[in-house]
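First comes the structure, then the notes that go with it.
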Amino acid sequence: ERERERERERDGGMVSTTLAELREYVRQESCAQRPAAGTVVLNVAHSNFSSTCFPELRFCVRDSIAEVKQRLFSVTGTLVSHMQLSLLGPDGRTLIAAIPDGADDALLGAFGPPQRGVIFVVDTDPFSKSKGGWLENTALVEKYTMSEESYAKRDGTYRKYREQRLQEDPKWTLKREMALRRGAEPDEQHAESAPSNKAVALSAGDRCRVFPGARAGVVRFVGSVPELPGDADEVWVGVEYNEPVGKNDGSIAGRRVFQCRGPKFGGFVRAANVSKTEDGCHSEDELE
């Protein structure tokens with residue numbers, strides 16, 4: 001029994017030593033990661049970029065500043081003639097050297113760039129396309145929106161198709177047509193049934209949450225909205241959100257269905273996605 005215990009202790013020591021060696025092997029710097037002699041690895045930061053960086057660019061210490069600027073132009077888009085450079089420490093804050101404008105013939109190594117340091121690029125071009133966040137803030141880009149008049153003139157839209165089908169059959173619904181296309185018999189009883197209990201339980205003024213996302217708001221409307229896709233008698237819930245997380249202002253296709261505070265504070269959702277709540281998620285109007 002003692003011999004078995006000694007064997008277990010000996011085996012356990014071997015496993016522990018092997019894991020320690022494996023950990024050291026995995027964590028050591030590989031040849032692929034180790035910079036060659038005369039090579040410095042630098043991260044690039046830019047004055048016009050707040051959330052974009054260019055990590056681990058390799059430079060030769062024998063490169064001239066003019067060559068470094070040309071390389072940075074291809075990465076950041078800043079013109080060489082409007083580029084000011086500074087070398088920072090690995091922490092991105094400690095100033096190592098400010099490279100003067102007339103030092104294009106000087107070598108990068110003369111300024112003592114540290115491994116994993118930072119080249120900070122200042123773009124002095126007043127007409128730079130990256131100025132003001134235009135290359136990374138998509139909220140600044142004007143989005144294409146089609147007016148109701150333009151959409152009404154288009155052919156081949158669902159709205160035109162729906163109008164045509166309703167002219168042919170006033171009882172037409174998308175649900176029935178999809179059932180027929182699948183080869184199934186349309187459930188007439190279900191199609192003509194009353195609104196769900198959940199929709200009936202909701203009424204204007206109820207505090208609610210809309211899922212997914214648990215968006216808080218207030219019910220402003222419960223009823224059918226012919227402009228929305230689906231069955232003509234489908235019940236929709238108009239919600240005024242506490243925050244601008246919706247898709248409209250309570251109107252659709254130019255028709256005002258309910259009032260809310262402004263754009264993106266309103267939305268139309270199916271009753272199955274709305275839960276009545278009493279957790280105090282009411283609108284600011286009710287707090288006044």
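Chains: A, B, ... in order of the structure tokens. Residues: from 1 per chain. Ligands: from 1, in order shown.
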If DSSP is run on the backbone, what residues of segment 52-159 of chain A are helix (DSSP H, G or I)? A reply as a CSV table (one decimal) with N, CA, C and O atoms, in the first residue's frame would be ideal.
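result.csv was written with the following content:
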chain,number,residue,atom,x,y,z
A,65,ILE,N,12.0,59.1,-41.9
A,65,ILE,CA,10.7,59.6,-41.5
A,65,ILE,C,9.8,59.8,-42.7
A,65,ILE,O,8.6,59.6,-42.7
A,66,ALA,N,10.4,60.2,-43.9
A,66,ALA,CA,9.6,60.3,-45.1
A,66,ALA,C,9.0,58.9,-45.5
A,66,ALA,O,7.8,58.9,-45.9
A,67,GLU,N,9.7,57.9,-45.4
A,67,GLU,CA,9.2,56.5,-45.7
A,67,GLU,C,8.1,56.1,-44.7
A,67,GLU,O,7.1,55.5,-45.0
A,68,VAL,N,8.3,56.5,-43.4
A,68,VAL,CA,7.3,56.2,-42.4
A,68,VAL,C,6.0,56.9,-42.7
A,68,VAL,O,4.9,56.3,-42.6
A,69,LYS,N,6.1,58.2,-43.1
A,69,LYS,CA,4.9,58.9,-43.4
A,69,LYS,C,4.2,58.4,-44.6
A,69,LYS,O,3.0,58.3,-44.6
A,70,GLN,N,4.9,57.9,-45.6
A,70,GLN,CA,4.3,57.3,-46.8
A,70,GLN,C,3.6,56.1,-46.4
A,70,GLN,O,2.5,55.8,-46.9
A,71,ARG,N,4.2,55.3,-45.5
A,71,ARG,CA,3.5,54.1,-45.0
A,71,ARG,C,2.2,54.4,-44.2
A,71,ARG,O,1.2,53.8,-44.4
A,72,LEU,N,2.3,55.4,-43.4
A,72,LEU,CA,1.2,55.8,-42.6
A,72,LEU,C,0.1,56.4,-43.5
A,72,LEU,O,-1.1,56.3,-43.2
A,73,PHE,N,0.4,57.1,-44.6
A,73,PHE,CA,-0.6,57.6,-45.5
A,73,PHE,C,-1.4,56.4,-46.1
A,73,PHE,O,-2.6,56.5,-46.2
A,74,SER,N,-0.7,55.3,-46.4
A,74,SER,CA,-1.5,54.2,-47.0
A,74,SER,C,-2.4,53.5,-45.9
A,74,SER,O,-3.3,52.8,-46.3
A,75,VAL,N,-2.1,53.7,-44.6
A,75,VAL,CA,-2.9,53.1,-43.6
A,75,VAL,C,-4.0,54.0,-43.1
A,75,VAL,O,-5.1,53.6,-43.0
A,76,THR,N,-3.7,55.3,-42.9
A,76,THR,CA,-4.7,56.2,-42.3
A,76,THR,C,-5.3,57.1,-43.3
A,76,THR,O,-6.4,57.7,-43.0
A,80,VAL,N,0.7,63.2,-46.5
A,80,VAL,CA,2.0,63.4,-45.9
A,80,VAL,C,2.3,64.8,-45.6
A,80,VAL,O,2.9,65.2,-44.6
A,81,SER,N,1.8,65.7,-46.4
A,81,SER,CA,2.0,67.2,-46.2
A,81,SER,C,1.2,67.7,-45.1
A,81,SER,O,1.5,68.9,-44.6
A,82,HIS,N,0.3,67.0,-44.5
A,82,HIS,CA,-0.6,67.4,-43.4
A,82,HIS,C,-0.4,66.5,-42.2
A,82,HIS,O,-1.4,66.2,-41.5
A,108,LEU,N,14.1,56.7,-38.4
A,108,LEU,CA,13.2,56.4,-37.3
A,108,LEU,C,13.9,56.1,-36.0
A,108,LEU,O,13.5,56.5,-34.9
A,109,GLY,N,15.0,55.3,-36.2
A,109,GLY,CA,15.7,54.8,-35.0
A,109,GLY,C,16.3,55.9,-34.2
A,109,GLY,O,16.6,55.7,-33.0
A,110,ALA,N,16.6,57.1,-34.8
A,110,ALA,CA,17.2,58.2,-34.1
A,110,ALA,C,16.3,58.8,-33.0
A,110,ALA,O,16.7,59.5,-32.1
A,111,PHE,N,15.0,58.5,-33.1
A,111,PHE,CA,14.0,59.0,-32.1
A,111,PHE,C,13.7,58.0,-31.0
A,111,PHE,O,12.9,58.3,-30.2
A,131,LYS,N,-12.1,64.1,-40.7
A,131,LYS,CA,-12.3,65.1,-39.6
A,131,LYS,C,-13.7,65.0,-39.1
A,131,LYS,O,-14.7,64.8,-39.9
A,132,GLY,N,-13.9,65.1,-37.8
A,132,GLY,CA,-15.2,65.0,-37.2
A,132,GLY,C,-15.8,63.7,-37.1
A,132,GLY,O,-17.0,63.5,-36.9
A,133,GLY,N,-15.0,62.6,-37.4
A,133,GLY,CA,-15.5,61.3,-37.2
A,133,GLY,C,-16.3,60.7,-38.5
A,133,GLY,O,-17.0,59.7,-38.4
A,138,THR,N,-21.1,56.2,-38.3
A,138,THR,CA,-22.1,56.0,-39.3
A,138,THR,C,-23.4,56.9,-39.1
A,138,THR,O,-24.1,57.1,-40.0
A,139,ALA,N,-23.5,57.4,-37.9
A,139,ALA,CA,-24.7,58.3,-37.6
A,139,ALA,C,-24.6,59.6,-38.4
A,139,ALA,O,-25.6,60.2,-38.6
A,140,LEU,N,-23.4,59.9,-38.8
A,140,LEU,CA,-23.2,61.2,-39.6
A,140,LEU,C,-23.6,61.0,-41.0
A,140,LEU,O,-23.7,62.0,-41.7
A,148,GLU,N,-43.4,58.5,-49.0
A,148,GLU,CA,-44.6,57.7,-49.3
A,148,GLU,C,-45.1,57.9,-50.8
A,148,GLU,O,-45.5,56.9,-51.4
A,149,GLU,N,-44.9,59.1,-51.3
A,149,GLU,CA,-45.3,59.4,-52.7
A,149,GLU,C,-44.5,58.5,-53.6
A,149,GLU,O,-45.0,58.0,-54.6
A,150,SER,N,-43.2,58.5,-53.4
A,150,SER,CA,-42.3,57.7,-54.3
A,150,SER,C,-42.6,56.2,-54.2
A,150,SER,O,-42.6,55.5,-55.2
A,151,TYR,N,-42.8,55.7,-53.0
A,151,TYR,CA,-43.1,54.3,-52.8
A,151,TYR,C,-44.4,54.0,-53.5
A,151,TYR,O,-44.6,52.9,-54.1
A,152,ALA,N,-45.4,54.9,-53.4
A,152,ALA,CA,-46.7,54.6,-54.0
A,152,ALA,C,-46.6,54.5,-55.5
A,152,ALA,O,-47.5,53.8,-56.1
A,153,LYS,N,-45.6,55.1,-56.1
A,153,LYS,CA,-45.5,55.1,-57.6
A,153,LYS,C,-44.7,53.9,-58.1
A,153,LYS,O,-44.7,53.6,-59.3
A,158,TYR,N,-45.3,45.1,-52.3
A,158,TYR,CA,-46.4,44.4,-51.6
A,158,TYR,C,-47.6,45.2,-51.5
A,158,TYR,O,-48.7,44.6,-51.5
A,159,ARG,N,-47.5,46.5,-51.3
A,159,ARG,CA,-48.7,47.3,-51.2
A,159,ARG,C,-49.6,47.2,-52.4
A,159,ARG,O,-50.8,47.1,-52.3
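By only C-alpha atoms, and with residues fewer than 6 positions from Arg220 of chain A along its chain excluded, the set lying at most 7 Å from it is Ala204, Gly205, Gly238, Val239, Glu240 and Phe258 of chain A.
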Create the file for the chosen residues now, containing C-alpha atoms and written as a CSV table (one decimal), in the first residue's frame.
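Saved file selection-v4.csv follows:
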chain,number,residue,atom,x,y,z
A,204,ALA,CA,-54.8,52.8,-24.1
A,205,GLY,CA,-52.9,54.1,-21.1
A,238,GLY,CA,-49.5,51.2,-30.8
A,239,VAL,CA,-46.8,51.9,-28.2
A,240,GLU,CA,-45.2,55.2,-27.1
A,258,PHE,CA,-51.8,58.0,-32.2
*Just list the residues in segment 31-187 of chain A DSSP gives strand (DSSP E or B) on the backbone, as a VMD selection string.*
chain A and resid 39 to 46 54 to 60 64 83 to 88 95 to 99 107 117 to 123
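Distance annotation: of A:Gly230, A:Gly77, A:Phe54, A:Pro113, the residue with the minimal separation from Thr39 of chain A is A:Pro113; atom set is only C-alpha atoms.
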*asked:* I want to know what sits within 8 Å of Leu57 of chain A, based on only C-alpha atoms, with residues of the same chain fewer than 5 positions away left out; could you give that as a ChimeraX atom specification?
replied: /A:41-44
*asked:* Using Å and a single decimal, report how far atom CA of Gly262 of chain A sits from atom CA of Asp249 of chain A.
replied: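 So the answer is 5.3 Å.
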*Report the distance between atom CA of Pro263 of chain A and atom CA of Val222 of chain A in Å, rounded to one decimal place.*
19.8 Å
_Among the residues A:Ala20, A:Ala106, A:Leu85, A:Val235, the one that comes closest to Val122 of chain A [using only C-alpha atoms]_ = A:Leu85
_Rounded to one decimal, what separation in Å do you get between atom CA of Asp104 of chain A and atom CA of Gly117 of chain A?_
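Value for the atom CA of Asp104 of chain A-atom CA of Gly117 of chain A distance: 20.1 Å.
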*Do you know which residues are at most 9 Å from segment 210-219 of chain A counting only C-alpha atoms, after dropping those on the same chain fewer than 2 positions away, and could you put them as a PyMOL selection string?*
chain A and resi 202-208+221-222+237-243+245+269+272-276+281-283
*For Ala103 of chain A, which residue out of A:Gly254, A:Gln84, A:Trp236, A:Phe120 is the nearest one, using only C-alpha atoms?*
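Closest to Ala103 of chain A, using only C-alpha atoms: A:Gln84.
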